[in-house]
Each structure stands twice: as C-alpha cells, then as structure tokens.
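**Student:** Let me give you the structure first, and then I'll get to my questions.
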Amino acid sequence: MGESAWPAEWFEEHRTHLRAVAYRMLGSMSEAEDAVQETWLRADRAGTDGVGNPAGWLTTIVTRVCLNMLRTRKARREEPLDLRVADAPVPPEDGGDPEEEAALADSVGVAMLVVLDTLSPAERLAFVLHDMFAVPFDEIGPMLEKTPAAVRQLASRARRRVKGVSPLPDSDLTRRRRVVEAFLAATRGGNFDALVALLHPDVVLHADASVIPTPGPVVVSGAVTVAEGAMAATGRARFTGVALLDGTVGLAMAPFGRLALVLAFDFADDGRVTAIRVIADPDRLREVEVAVPQDPAHPEDPAAREKTSWPGRS
C-alpha cells in the first residue's frame, strides 16, 4: 500500500459519521461497528490514490458494505431476537453495550428503527441515504444499479411505510402523544406518583401470554396495581419509544432494533389512560402497523430530525 495507504487519523476523523450511517442502515450497534471496521479494511487496501473527497468515498464504501449485510440477513431469513420480554434486555453474544444501544435507539427513534427493519434492503438504503442524509438520487443509483427515477420510487414507497396514516385529528394525536410520552418518562424515571396520575382509577391492563412467563393472558386493574407493574419494567423501558400503532399513539419496545412488544392505549375524555393492551405474541405483532409519529415541528417529514448533509463523492 505504501504512500497511498489510508492514514488512520483520516479514517478516525470520519468514524462517527460512518457509524451513524451504518447504524441507521442496520439497526444494530454491533453490526454497525462491524460495517465500519470492514470499511476501514477496504479503504486501507485501496489506498488514497484518486480520492478527492475522503468523506464521500468512505460513506459510499460503508453504504455498500451495509447493503451486502442486509441482503445476507434477508437471505438467511433471520428471526427477531429470542428475548423473554419479561426480562430486561441483555447484550448480544458479541458483547454490545445495552446502555449505548439504548441511547442510539433514542437518538434515531425506536419507531423509526422498527419500520426500517420491515423495508427491503433497497428501500432501506434509498430512504436512509436520501431522507436522513440528503443524498441525491443520482448518487444512490449506482450503489443499487438502478436509475435515479427507480431509486426515487423506492424512497417514496419507504416513506409511506415510515409515515403511516391516522384517522384521528392532529389535535387528538398531539394530546395522546403527550400522555404516552409522560407515561414512558415516568416509567423510565421510576416516578410512581407521576405514573399513577396519568392513569384512570379503573384502568385495566391486558397482557398476552407472550409478555410474561404465564400459561395464559394476564389482566390487572386499578391505577396503583398497573403502575406497580410498569415500575417493574423500568429496565426494558430503555428500549421503548413512542410509535404510531394502527393509526394511534402507543409505545413500541425494540431491543437491538427488533420489535418485541407494543403497548396500545385507550383514553378517557380527560386524557387519562383507561386501558393498556400489551402485545408480544409474534403473530399478533405482525398484524400491528407501526409507523413514526409526526414531529410537530416537521409534520410532513418523518425523518426531519435525522436529516444531515451528505459529504459528497469523488
């Protein structure tokens, strides 16, 4: 490789950006790190000759590495992680840090990761690069061996899946979102009194048999009892985020990027929660349409908080 080899400090300068792209493409911190490492190996072998824009060139390499990984994953028909929902999430065998994984999931949005996991590799690449990193369609085309028009269609199809639709007025969605966000914050923070205040005194929680190790569904009632159960779930709340579930606001839990359960809510006129349905059965989960709730600041752009500049290509 000689003088044309990639200086390590050049690569480290762009590592954070490369990992951001890889994480959104793959939904797993450990896989994203593997993709970034493979990008370094390929760049080091190729050297710097003819590279005018290192950031853009490295981003193209990591994108192609991720595309290959997604296609391999699809070919293997990987199943979601075999997690016992009643237990707190545990790191994968490769030693990934669950705290860092949860922080990354929060930064991207749990609902976004869940929806991205349902897209085809080509749809995911087109949406992530264009909608999250502002990559022009004519730059994405060569990566997928498609025309810019075809890539535009892929991104549009993915965008419809990400955004979803709701029959509820925006005002109702906004009001429900505030309650669900407060429910999640109270659960994560262990704020029992705040959680009880969000619940109707006669609230009823239904959990299917896959949620906890019981022979059948579980039903509990009463604000205090339901809040006590939620407090026991503080650990798995790290991997939980607000999502649009069949057109209304709820919560989705997705440790390491894979959907494990959802919480659907019913509300009284005063905004308090009257019922919670916890669904973890795989067959029932597949029937739930998950989408990304609107960002009030950018109601027409579900990926607005993710969008950043594309460093270009040489």
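To be explicit about the labels: the chains of the structure tokens are called A, B, and onward in the order shown, and within each one the residues are counted from 1, while ligands get numbers from 1 in the order they are shown.
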Determine, counting only C-alpha atoms, which protein, DNA and RNA residues have an atom within 7 Å of an atom of range 148-158 of chain A; residues of the same chain fewer than 2 positions away are not included. Present the result as a PyMOL selection string.

**Tutor:** chain A and resi 119+123+126-127+137-138+141+146+160-162

**Student:** I'd like the neighbourhood of range 63-68 of chain A as a PyMOL selection string, where a residue qualifies if any of its atoms comes within 7 Å (using only C-alpha atoms), though same-chain residues fewer than 5 positions away should be ignored.

**Tutor:** chain A and resi 22+25-26+35+121+143

**Student:** Go ahead and write the selection's residues with all heavy atoms as a CSV table (one decimal), in the first residue's frame.

**Tutor:**
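Listing of result-v5.csv after writing:
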```
chain,number,residue,atom,x,y,z
A,22,ALA,N,-24.2,3.6,9.2
A,22,ALA,CA,-24.3,2.2,9.3
A,22,ALA,C,-25.3,1.8,10.4
A,22,ALA,O,-26.1,0.8,10.1
A,22,ALA,CB,-22.9,1.6,9.8
A,25,MET,N,-28.7,2.1,8.8
A,25,MET,CA,-28.9,1.1,7.8
A,25,MET,C,-29.1,-0.3,8.4
A,25,MET,O,-29.9,-1.1,7.8
A,25,MET,CB,-27.6,1.0,6.9
A,25,MET,CG,-27.5,2.1,5.9
A,25,MET,SD,-28.6,2.0,4.5
A,25,MET,CE,-28.0,0.5,3.7
A,26,LEU,N,-28.5,-0.6,9.5
A,26,LEU,CA,-28.5,-1.9,10.1
A,26,LEU,C,-29.4,-2.1,11.3
A,26,LEU,O,-29.8,-3.2,11.7
A,26,LEU,CB,-27.1,-2.4,10.3
A,26,LEU,CG,-26.2,-2.5,9.1
A,26,LEU,CD1,-24.8,-2.7,9.5
A,26,LEU,CD2,-26.7,-3.6,8.2
A,35,ALA,N,-19.5,-3.1,10.2
A,35,ALA,CA,-19.5,-2.5,8.9
A,35,ALA,C,-18.5,-1.4,8.8
A,35,ALA,O,-17.8,-1.3,7.8
A,35,ALA,CB,-20.9,-1.9,8.6
A,121,PRO,N,-33.9,-4.3,1.6
A,121,PRO,CA,-32.6,-3.7,1.6
A,121,PRO,C,-32.5,-2.4,0.7
A,121,PRO,O,-32.0,-1.4,1.1
A,121,PRO,CB,-31.6,-4.8,1.2
A,121,PRO,CG,-32.3,-6.0,1.6
A,121,PRO,CD,-33.8,-5.8,1.4
A,143,MET,N,-25.1,2.7,-6.5
A,143,MET,CA,-25.0,1.7,-5.4
A,143,MET,C,-26.0,0.5,-5.6
A,143,MET,O,-25.7,-0.6,-5.2
A,143,MET,CB,-25.2,2.4,-4.1
A,143,MET,CG,-24.3,3.5,-3.8
A,143,MET,SD,-24.7,4.3,-2.2
A,143,MET,CE,-23.8,5.9,-2.3
```

**Student:** Give the helix (DSSP H, G or I) residues of range 36-233 of chain A, as assigned by DSSP on the backbone, as an MDAnalysis selection string.

**Tutor:** chainID A and resid 36:46 54:76 98:108 110:116 121:132 137:144 148:163 170:189 192:198 223:231

**Student:** Out of A:Val224, A:Val278, A:Leu285, A:Val114, which residue has the shortest atom-to-atom distance to Ile212 in chain A when counting only C-alpha atoms?

**Tutor:** A:Val278

**Student:** Can you tell me which residues surround Glu181 in chain A at a distance of at most 10 Å, considering only C-alpha atoms, apart from same-chain residues fewer than 2 positions away, and format the answer as a ChimeraX atom specification?

**Tutor:** /A:176-179,183-187,241-242,249-251

**Student:** Rounded to one decimal, what separation in Å do you get between CA of Gly27 in chain A and CA of Gly257 in chain A?

**Tutor:**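 Here the two named atoms are 5.0 Å from each other.
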
**Student:** Using DSSP on the backbone coordinates, identify the residues of range 92-250 of chain A assigned to strand (DSSP E or B); present them as a CSV table (one decimal) with all heavy atoms, in the first residue's frame.

**Tutor:**
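Dumped everything to part.csv:
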```
chain,number,residue,atom,x,y,z
A,199,LEU,N,-53.1,7.6,35.0
A,199,LEU,CA,-54.0,6.5,34.8
A,199,LEU,C,-55.3,6.8,35.5
A,199,LEU,O,-55.4,7.4,36.5
A,199,LEU,CB,-53.3,5.3,35.5
A,199,LEU,CG,-52.0,4.8,35.0
A,199,LEU,CD1,-51.4,3.7,35.8
A,199,LEU,CD2,-52.0,4.4,33.5
A,200,HIS,N,-56.4,6.4,34.8
A,200,HIS,CA,-57.7,6.4,35.3
A,200,HIS,C,-57.8,5.5,36.5
A,200,HIS,O,-57.1,4.4,36.5
A,200,HIS,CB,-58.7,6.0,34.3
A,200,HIS,CG,-60.1,6.2,34.7
A,200,HIS,ND1,-60.9,5.3,35.5
A,200,HIS,CD2,-61.0,7.3,34.4
A,200,HIS,CE1,-62.1,5.8,35.7
A,200,HIS,NE2,-62.2,7.0,35.0
A,201,PRO,N,-58.5,5.8,37.6
A,201,PRO,CA,-58.6,4.9,38.8
A,201,PRO,C,-59.0,3.4,38.4
A,201,PRO,O,-58.5,2.5,39.1
A,201,PRO,CB,-59.6,5.5,39.7
A,201,PRO,CG,-59.5,7.0,39.3
A,201,PRO,CD,-59.2,7.0,37.8
A,202,ASP,N,-59.8,3.3,37.4
A,202,ASP,CA,-60.3,2.0,37.0
A,202,ASP,C,-59.6,1.4,35.7
A,202,ASP,O,-60.1,0.6,35.0
A,202,ASP,CB,-61.8,2.0,36.7
A,202,ASP,CG,-62.6,2.4,37.9
A,202,ASP,OD1,-62.2,2.0,39.1
A,202,ASP,OD2,-63.6,3.2,37.8
A,203,VAL,N,-58.4,1.9,35.5
A,203,VAL,CA,-57.6,1.4,34.3
A,203,VAL,C,-57.5,-0.1,34.4
A,203,VAL,O,-57.3,-0.7,35.4
A,203,VAL,CB,-56.2,2.1,34.2
A,203,VAL,CG1,-55.4,1.8,35.4
A,203,VAL,CG2,-55.5,1.8,32.9
A,204,VAL,N,-57.5,-0.7,33.2
A,204,VAL,CA,-57.3,-2.2,33.0
A,204,VAL,C,-56.2,-2.4,32.1
A,204,VAL,O,-56.1,-1.9,31.0
A,204,VAL,CB,-58.6,-2.9,32.5
A,204,VAL,CG1,-58.4,-4.3,32.4
A,204,VAL,CG2,-59.8,-2.6,33.5
A,205,LEU,N,-55.3,-3.3,32.5
A,205,LEU,CA,-54.2,-3.7,31.6
A,205,LEU,C,-54.4,-5.2,31.2
A,205,LEU,O,-54.6,-6.0,32.1
A,205,LEU,CB,-52.8,-3.5,32.3
A,205,LEU,CG,-51.6,-3.9,31.5
A,205,LEU,CD1,-50.4,-3.0,31.8
A,205,LEU,CD2,-51.2,-5.4,31.8
A,206,HIS,N,-54.3,-5.4,29.9
A,206,HIS,CA,-54.4,-6.8,29.3
A,206,HIS,C,-53.0,-7.1,28.7
A,206,HIS,O,-52.5,-6.4,27.9
A,206,HIS,CB,-55.4,-6.9,28.3
A,206,HIS,CG,-56.8,-6.6,28.7
A,206,HIS,ND1,-57.7,-7.6,29.1
A,206,HIS,CD2,-57.5,-5.4,28.9
A,206,HIS,CE1,-58.9,-7.0,29.4
A,206,HIS,NE2,-58.7,-5.7,29.4
A,207,ALA,N,-52.4,-8.2,29.1
A,207,ALA,CA,-51.1,-8.6,28.6
A,207,ALA,C,-51.2,-10.0,28.1
A,207,ALA,O,-51.7,-10.9,28.8
A,207,ALA,CB,-50.0,-8.5,29.6
A,218,VAL,N,-52.8,-12.1,31.0
A,218,VAL,CA,-52.8,-11.5,32.4
A,218,VAL,C,-53.7,-10.3,32.3
A,218,VAL,O,-53.6,-9.5,31.4
A,218,VAL,CB,-51.4,-11.2,32.9
A,218,VAL,CG1,-51.5,-10.4,34.2
A,218,VAL,CG2,-50.6,-12.4,33.1
A,219,VAL,N,-54.6,-10.1,33.3
A,219,VAL,CA,-55.4,-8.9,33.4
A,219,VAL,C,-55.2,-8.3,34.8
A,219,VAL,O,-55.4,-9.1,35.8
A,219,VAL,CB,-56.9,-9.2,33.1
A,219,VAL,CG1,-57.7,-7.9,33.2
A,219,VAL,CG2,-57.1,-9.8,31.7
A,220,VAL,N,-54.9,-7.1,34.9
A,220,VAL,CA,-54.8,-6.4,36.2
A,220,VAL,C,-55.5,-5.1,36.0
A,220,VAL,O,-55.7,-4.5,34.9
A,220,VAL,CB,-53.3,-6.1,36.6
A,220,VAL,CG1,-52.6,-7.4,36.8
A,220,VAL,CG2,-52.6,-5.3,35.6
A,221,SER,N,-56.1,-4.6,37.1
A,221,SER,CA,-56.9,-3.4,37.1
A,221,SER,C,-56.5,-2.5,38.3
A,221,SER,O,-56.0,-2.9,39.3
A,221,SER,CB,-58.4,-3.7,37.1
A,221,SER,OG,-58.7,-4.4,38.3
A,240,THR,N,-37.7,1.3,24.6
A,240,THR,CA,-39.0,1.6,24.2
A,240,THR,C,-39.2,3.0,23.8
A,240,THR,O,-38.5,3.9,24.3
A,240,THR,CB,-40.0,1.3,25.4
A,240,THR,OG1,-39.8,-0.1,25.8
A,240,THR,CG2,-41.4,1.6,25.1
A,241,GLY,N,-40.0,3.3,22.8
A,241,GLY,CA,-40.2,4.6,22.3
A,241,GLY,C,-41.7,4.8,21.8
A,241,GLY,O,-42.4,3.8,21.6
A,242,VAL,N,-42.0,6.1,21.6
A,242,VAL,CA,-43.4,6.4,21.1
A,242,VAL,C,-43.5,6.0,19.7
A,242,VAL,O,-42.6,6.2,18.9
A,242,VAL,CB,-43.7,7.9,21.3
A,242,VAL,CG1,-45.0,8.2,20.8
A,242,VAL,CG2,-43.6,8.3,22.8
A,243,ALA,N,-44.6,5.4,19.3
A,243,ALA,CA,-44.8,4.9,17.9
A,243,ALA,C,-46.3,5.1,17.6
A,243,ALA,O,-47.2,5.3,18.4
A,243,ALA,CB,-44.4,3.5,17.8
A,244,LEU,N,-46.6,5.2,16.3
A,244,LEU,CA,-47.9,5.2,15.8
A,244,LEU,C,-48.3,3.7,15.5
A,244,LEU,O,-47.7,3.0,14.7
A,244,LEU,CB,-48.0,6.0,14.5
A,244,LEU,CG,-49.4,6.6,14.1
A,244,LEU,CD1,-49.8,7.5,15.1
A,244,LEU,CD2,-49.3,7.2,12.7
A,245,LEU,N,-49.3,3.2,16.3
A,245,LEU,CA,-49.7,1.8,16.2
A,245,LEU,C,-51.2,1.8,15.6
A,245,LEU,O,-52.1,2.3,16.2
A,245,LEU,CB,-49.7,1.2,17.6
A,245,LEU,CG,-48.4,1.3,18.4
A,245,LEU,CD1,-48.7,0.7,19.8
A,245,LEU,CD2,-47.3,0.6,17.7
A,248,THR,N,-52.9,5.2,15.8
A,248,THR,CA,-53.0,5.9,17.1
A,248,THR,C,-51.7,5.8,17.9
A,248,THR,O,-50.9,4.9,17.6
A,248,THR,CB,-54.2,5.5,17.9
A,248,THR,OG1,-54.4,6.4,19.0
A,248,THR,CG2,-54.0,4.1,18.5
A,249,VAL,N,-51.5,6.7,18.9
A,249,VAL,CA,-50.2,6.7,19.6
A,249,VAL,C,-50.1,5.6,20.6
A,249,VAL,O,-51.0,5.4,21.4
A,249,VAL,CB,-50.0,8.1,20.2
A,249,VAL,CG1,-48.7,8.2,20.9
A,249,VAL,CG2,-50.2,9.2,19.2
A,250,GLY,N,-49.0,4.9,20.6
A,250,GLY,CA,-48.7,3.9,21.6
A,250,GLY,C,-47.2,3.8,21.9
A,250,GLY,O,-46.4,4.8,21.6
```
